[in-house]
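First the structure, in the form of structure tokens, and then the observations on it.
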Amino acid sequence: MSTTTPHVPARDRSRQQIYDLILERGAATRTDLVDATGMSRSAVNSAVNKLIRDGKATELAPDAKGPGSGSGRPPVTVVPLASGRPVAGLDFGHSHVWVAIADALGVPLADRRVRIDVDYQAIGAMDIGAKLLIDLKAELGITDLQAVVAGIPGPIDSRTGLVKSPTILAGWVGLSPAAELGGRLGVDVHVENDAVLGAHAELRRGAGQHHRNFLYVKASHGIGAGLVIDGRPYTGSTGIAGEIGHTHLPGNTDLCRCGQRGCLETAVSVEALRGQLQHTHPHLDVSNLDLSTVTDPIGERMLNEAGRTLGRVLADLCNLINPGGVIVGGELGSSGPAFIEGVRSSIQRYAQPATAAAIEVRPSTFGIRTELMGALHLAAGKLSR
Ligand SMILES: [Zn+2]
């Protein structure tokens, strides 16, 4: 990408920078914009006023945006306005396909979700995802999408776009989800690992906005991490950083779906928890059990234990990258305080003290919708560039 644009006047570049900032943050005061850009107050005012005249932004009174900035009269915020065609996101979980259409700023308009065994039915899952999206477009009367982003729960080689591991997503290996979905939808589709999309959602609109460095962990049917380092998602040399579900747990010999023994996922996943709950709650139908409904002391103890096991692995990762936040999503991250408290207690215990003291551990901002929100925000972000 070129970094020199000599034909673009400085005033236009400043205006684009301001617009990108309010898109990224969702809202900002004029003072925030001065602080973030280093521009003068008059340059910021001029850029904001032009964006408002062009219909790309508006200003909201404080009571329309919720709590203000503290004592005194809260300032007015500048917010972006949607102008442009809608975008779409698809989230392929291990057992669901979820699609959504959003306005040009990534604000969701409608979504549809179906349950399906995504792992072993790659073609079927992509057929269903594409049909859901085409039907949703028709329902909303939308003829054209500007950008589409899809997330899958497995490693994708960033050099080839192919699903990488023959063992983690068995039915998907060697496929190019971008090409498959693009062919069905008639539009370019960008595909990312789902935990990376979760990190995007938190970075742009969630708890990650407050941290330059953080980990987003999707703890669900599998476990993956999306890393944000120095304000940017980090995906490694071939795009597959963050596969922490296959970290070896000392003393654990359970066989993992990756073919190794003792992986974190064999002890901490939705299936592992359901299996454990079947032991302690023999009369409970655990087959599709929503773990957020587990609120009895024994069940919460097991969720806490699983959280502590995950936290033990995350503590080592925290020592490596010194994050300001660990944000836990997926069904387990959204199951309630018992699991999150387990993660927090292990990080506090096993990360070295100065590292642990700097870490905020919290559930994801958008619950189980985080990956889908990340897809929509990334699609909207592509549009604005
Ligand atoms: Zn494994």
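Residues are named by chain letter and number: chains run A, B, ... in the order of the structure tokens, numbers start at 1 in each chain, and ligands are numbered from 1 in the order shown.
Residues lying within 8 Å of stretch 186-189 of chain A, counting only C-alpha atoms and ignoring same-chain neighbours fewer than 6 positions away, are Leu145, Ala147, Val148, Val149, Ala150, Ala178 and Ala179 of chain A.
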Write the residues you've just listed into a file as a PDB file, in the first residue's frame, and include all heavy atoms for each of them.
```
ATOM      1  N   LEU A 145     -23.928  -5.686  -1.544  1.00  0.00           N
ATOM      2  CA  LEU A 145     -23.116  -5.565  -0.326  1.00  0.00           C
ATOM      3  C   LEU A 145     -21.760  -4.989  -0.702  1.00  0.00           C
ATOM      4  O   LEU A 145     -21.167  -5.381  -1.711  1.00  0.00           O
ATOM      5  CB  LEU A 145     -22.932  -6.934   0.326  1.00  0.00           C
ATOM      6  CG  LEU A 145     -24.187  -7.563   0.916  1.00  0.00           C
ATOM      7  CD1 LEU A 145     -23.921  -9.025   1.285  1.00  0.00           C
ATOM      8  CD2 LEU A 145     -24.666  -6.791   2.138  1.00  0.00           C
ATOM      9  N   ALA A 147     -18.933  -5.032   1.350  1.00  0.00           N
ATOM     10  CA  ALA A 147     -17.826  -5.876   1.817  1.00  0.00           C
ATOM     11  C   ALA A 147     -18.388  -6.993   2.680  1.00  0.00           C
ATOM     12  O   ALA A 147     -19.385  -6.805   3.377  1.00  0.00           O
ATOM     13  CB  ALA A 147     -16.829  -5.043   2.626  1.00  0.00           C
ATOM     14  N   VAL A 148     -17.754  -8.169   2.590  1.00  0.00           N
ATOM     15  CA  VAL A 148     -18.188  -9.330   3.379  1.00  0.00           C
ATOM     16  C   VAL A 148     -16.961  -9.938   4.054  1.00  0.00           C
ATOM     17  O   VAL A 148     -15.941 -10.164   3.411  1.00  0.00           O
ATOM     18  CB  VAL A 148     -18.865 -10.401   2.491  1.00  0.00           C
ATOM     19  CG1 VAL A 148     -19.318 -11.594   3.341  1.00  0.00           C
ATOM     20  CG2 VAL A 148     -20.042  -9.810   1.729  1.00  0.00           C
ATOM     21  N   VAL A 149     -17.076 -10.192   5.365  1.00  0.00           N
ATOM     22  CA  VAL A 149     -15.995 -10.835   6.113  1.00  0.00           C
ATOM     23  C   VAL A 149     -16.565 -12.060   6.817  1.00  0.00           C
ATOM     24  O   VAL A 149     -17.656 -12.005   7.393  1.00  0.00           O
ATOM     25  CB  VAL A 149     -15.365  -9.869   7.140  1.00  0.00           C
ATOM     26  CG1 VAL A 149     -14.381 -10.613   8.047  1.00  0.00           C
ATOM     27  CG2 VAL A 149     -14.650  -8.717   6.427  1.00  0.00           C
ATOM     28  N   ALA A 150     -15.842 -13.176   6.735  1.00  0.00           N
ATOM     29  CA  ALA A 150     -16.274 -14.410   7.398  1.00  0.00           C
ATOM     30  C   ALA A 150     -15.200 -14.889   8.360  1.00  0.00           C
ATOM     31  O   ALA A 150     -14.003 -14.729   8.106  1.00  0.00           O
ATOM     32  CB  ALA A 150     -16.560 -15.494   6.356  1.00  0.00           C
ATOM     33  N   ALA A 178     -12.637 -18.345   1.353  1.00  0.00           N
ATOM     34  CA  ALA A 178     -12.884 -17.072   0.663  1.00  0.00           C
ATOM     35  C   ALA A 178     -13.383 -17.328  -0.759  1.00  0.00           C
ATOM     36  O   ALA A 178     -14.351 -16.714  -1.217  1.00  0.00           O
ATOM     37  CB  ALA A 178     -11.605 -16.229   0.637  1.00  0.00           C
ATOM     38  N   ALA A 179     -12.732 -18.282  -1.450  1.00  0.00           N
ATOM     39  CA  ALA A 179     -13.141 -18.580  -2.825  1.00  0.00           C
ATOM     40  C   ALA A 179     -14.512 -19.264  -2.842  1.00  0.00           C
ATOM     41  O   ALA A 179     -15.372 -18.951  -3.679  1.00  0.00           O
ATOM     42  CB  ALA A 179     -12.094 -19.470  -3.492  1.00  0.00           C
TER      43      ALA A 179
END
```
Write out as a PyMOL selection string each polymer residue whose atoms come within 7 Å of stretch 211-219 of chain A, counting only C-alpha atoms; drop sequence neighbours fewer than 5 positions from it. chain A and resi 195+198-199+224-231+269+323-333
Taking only C-alpha atoms and all ligand atoms and a cut-off of 7 Å, can you tell me which residues surround ligand 1, written as a PyMOL selection string? chain A and resi 245-246+256-261+263+265
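When only C-alpha atoms are used to measure the gap to A:Ala10, the shortest distance among A:Met39, A:Glu341, A:Glu24, A:Gly236 belongs to A:Met39.
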Which residues are near A:Thr280? Cut-off 10 Å, only C-alpha atoms, ignore same chain within fewer than 5 positions. Put them as an MDAnalysis selection string. chainID A and resid 275 298:299 302
If DSSP is run on the backbone, what residues of stretch 30-67 of chain A are helix (DSSP H, G or I)? A reply as a VMD selection string would be ideal.
chain A and resid 30 to 37 41 to 53 62 to 65
Next, the residues of the selection above should be written as an mmCIF file, in the first residue's frame with N, CA and C atoms.
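Saved file again-v8.cif follows:
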```cif
data_model
loop_
_atom_site.group_PDB
_atom_site.id
_atom_site.type_symbol
_atom_site.label_atom_id
_atom_site.label_comp_id
_atom_site.auth_asym_id
_atom_site.auth_seq_id
_atom_site.Cartn_x
_atom_site.Cartn_y
_atom_site.Cartn_z
ATOM 1 N N ARG A 30 -14.428 16.735 20.520
ATOM 2 C CA ARG A 30 -13.439 17.498 19.750
ATOM 3 C C ARG A 30 -12.104 17.535 20.495
ATOM 4 N N THR A 31 -12.170 17.588 21.830
ATOM 5 C CA THR A 31 -10.930 17.569 22.622
ATOM 6 C C THR A 31 -10.194 16.242 22.458
ATOM 7 N N ASP A 32 -10.967 15.114 22.453
ATOM 8 C CA ASP A 32 -10.348 13.801 22.199
ATOM 9 C C ASP A 32 -9.593 13.822 20.871
ATOM 10 N N LEU A 33 -10.228 14.437 19.869
ATOM 11 C CA LEU A 33 -9.643 14.421 18.522
ATOM 12 C C LEU A 33 -8.367 15.272 18.465
ATOM 13 N N VAL A 34 -8.368 16.371 19.193
ATOM 14 C CA VAL A 34 -7.146 17.187 19.286
ATOM 15 C C VAL A 34 -6.037 16.358 19.929
ATOM 16 N N ASP A 35 -6.371 15.679 21.047
ATOM 17 C CA ASP A 35 -5.366 14.888 21.770
ATOM 18 C C ASP A 35 -4.838 13.739 20.914
ATOM 19 N N ALA A 36 -5.757 13.068 20.194
ATOM 20 C CA ALA A 36 -5.361 11.866 19.458
ATOM 21 C C ALA A 36 -4.556 12.181 18.203
ATOM 22 N N THR A 37 -4.822 13.330 17.595
ATOM 23 C CA THR A 37 -4.169 13.625 16.305
ATOM 24 C C THR A 37 -2.998 14.583 16.437
ATOM 25 N N ARG A 41 -6.662 22.900 17.572
ATOM 26 C CA ARG A 41 -8.115 22.945 17.794
ATOM 27 C C ARG A 41 -8.833 23.477 16.549
ATOM 28 N N SER A 42 -8.260 24.484 15.905
ATOM 29 C CA SER A 42 -8.955 25.067 14.749
ATOM 30 C C SER A 42 -8.944 24.105 13.563
ATOM 31 N N ALA A 43 -7.850 23.315 13.411
ATOM 32 C CA ALA A 43 -7.810 22.330 12.315
ATOM 33 C C ALA A 43 -8.840 21.229 12.550
ATOM 34 N N VAL A 44 -8.965 20.794 13.814
ATOM 35 C CA VAL A 44 -9.959 19.768 14.139
ATOM 36 C C VAL A 44 -11.366 20.318 13.901
ATOM 37 N N ASN A 45 -11.611 21.539 14.363
ATOM 38 C CA ASN A 45 -12.942 22.135 14.169
ATOM 39 C C ASN A 45 -13.288 22.233 12.694
ATOM 40 N N SER A 46 -12.313 22.649 11.900
ATOM 41 C CA SER A 46 -12.552 22.796 10.469
ATOM 42 C C SER A 46 -12.874 21.446 9.827
ATOM 43 N N ALA A 47 -12.097 20.391 10.216
ATOM 44 C CA ALA A 47 -12.323 19.057 9.641
ATOM 45 C C ALA A 47 -13.687 18.508 10.066
ATOM 46 N N VAL A 48 -14.018 18.657 11.355
ATOM 47 C CA VAL A 48 -15.304 18.140 11.860
ATOM 48 C C VAL A 48 -16.465 18.873 11.184
ATOM 49 N N ASN A 49 -16.345 20.181 11.065
ATOM 50 C CA ASN A 49 -17.441 20.941 10.452
ATOM 51 C C ASN A 49 -17.674 20.516 9.002
ATOM 52 N N LYS A 50 -16.587 20.231 8.299
ATOM 53 C CA LYS A 50 -16.729 19.783 6.894
ATOM 54 C C LYS A 50 -17.373 18.388 6.846
ATOM 55 N N LEU A 51 -16.958 17.488 7.760
ATOM 56 C CA LEU A 51 -17.565 16.146 7.795
ATOM 57 C C LEU A 51 -19.063 16.250 8.061
ATOM 58 N N ILE A 52 -19.458 17.173 8.941
ATOM 59 C CA ILE A 52 -20.887 17.353 9.245
ATOM 60 C C ILE A 52 -21.613 17.902 8.006
ATOM 61 N N ARG A 53 -21.005 18.887 7.336
ATOM 62 C CA ARG A 53 -21.630 19.453 6.121
ATOM 63 C C ARG A 53 -21.769 18.396 5.032
ATOM 64 N N PRO A 62 -24.957 15.103 25.087
ATOM 65 C CA PRO A 62 -24.515 14.083 26.043
ATOM 66 C C PRO A 62 -25.619 13.139 26.489
ATOM 67 N N ASP A 63 -26.839 13.641 26.695
ATOM 68 C CA ASP A 63 -27.886 12.754 27.212
ATOM 69 C C ASP A 63 -28.294 11.708 26.189
ATOM 70 N N ALA A 64 -27.960 11.927 24.922
ATOM 71 C CA ALA A 64 -28.279 10.919 23.912
ATOM 72 C C ALA A 64 -27.218 9.831 23.852
ATOM 73 N N LYS A 65 -26.078 10.059 24.493
ATOM 74 C CA LYS A 65 -24.982 9.069 24.428
ATOM 75 C C LYS A 65 -24.744 8.373 25.759
#
```
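With atom CA of A:Val294 on one side and atom CA of A:Asp194 on the other, the separation reads 25.5 Å.
Non-sequential neighbours of A:Thr77 (distance at most 8 Å, separation of 5 or more positions within a chain, only C-alpha atoms) are A:Ala27, A:Ala28, A:Thr29, A:Arg30, A:Glu59, A:Leu60, A:Ala61, A:Pro62.
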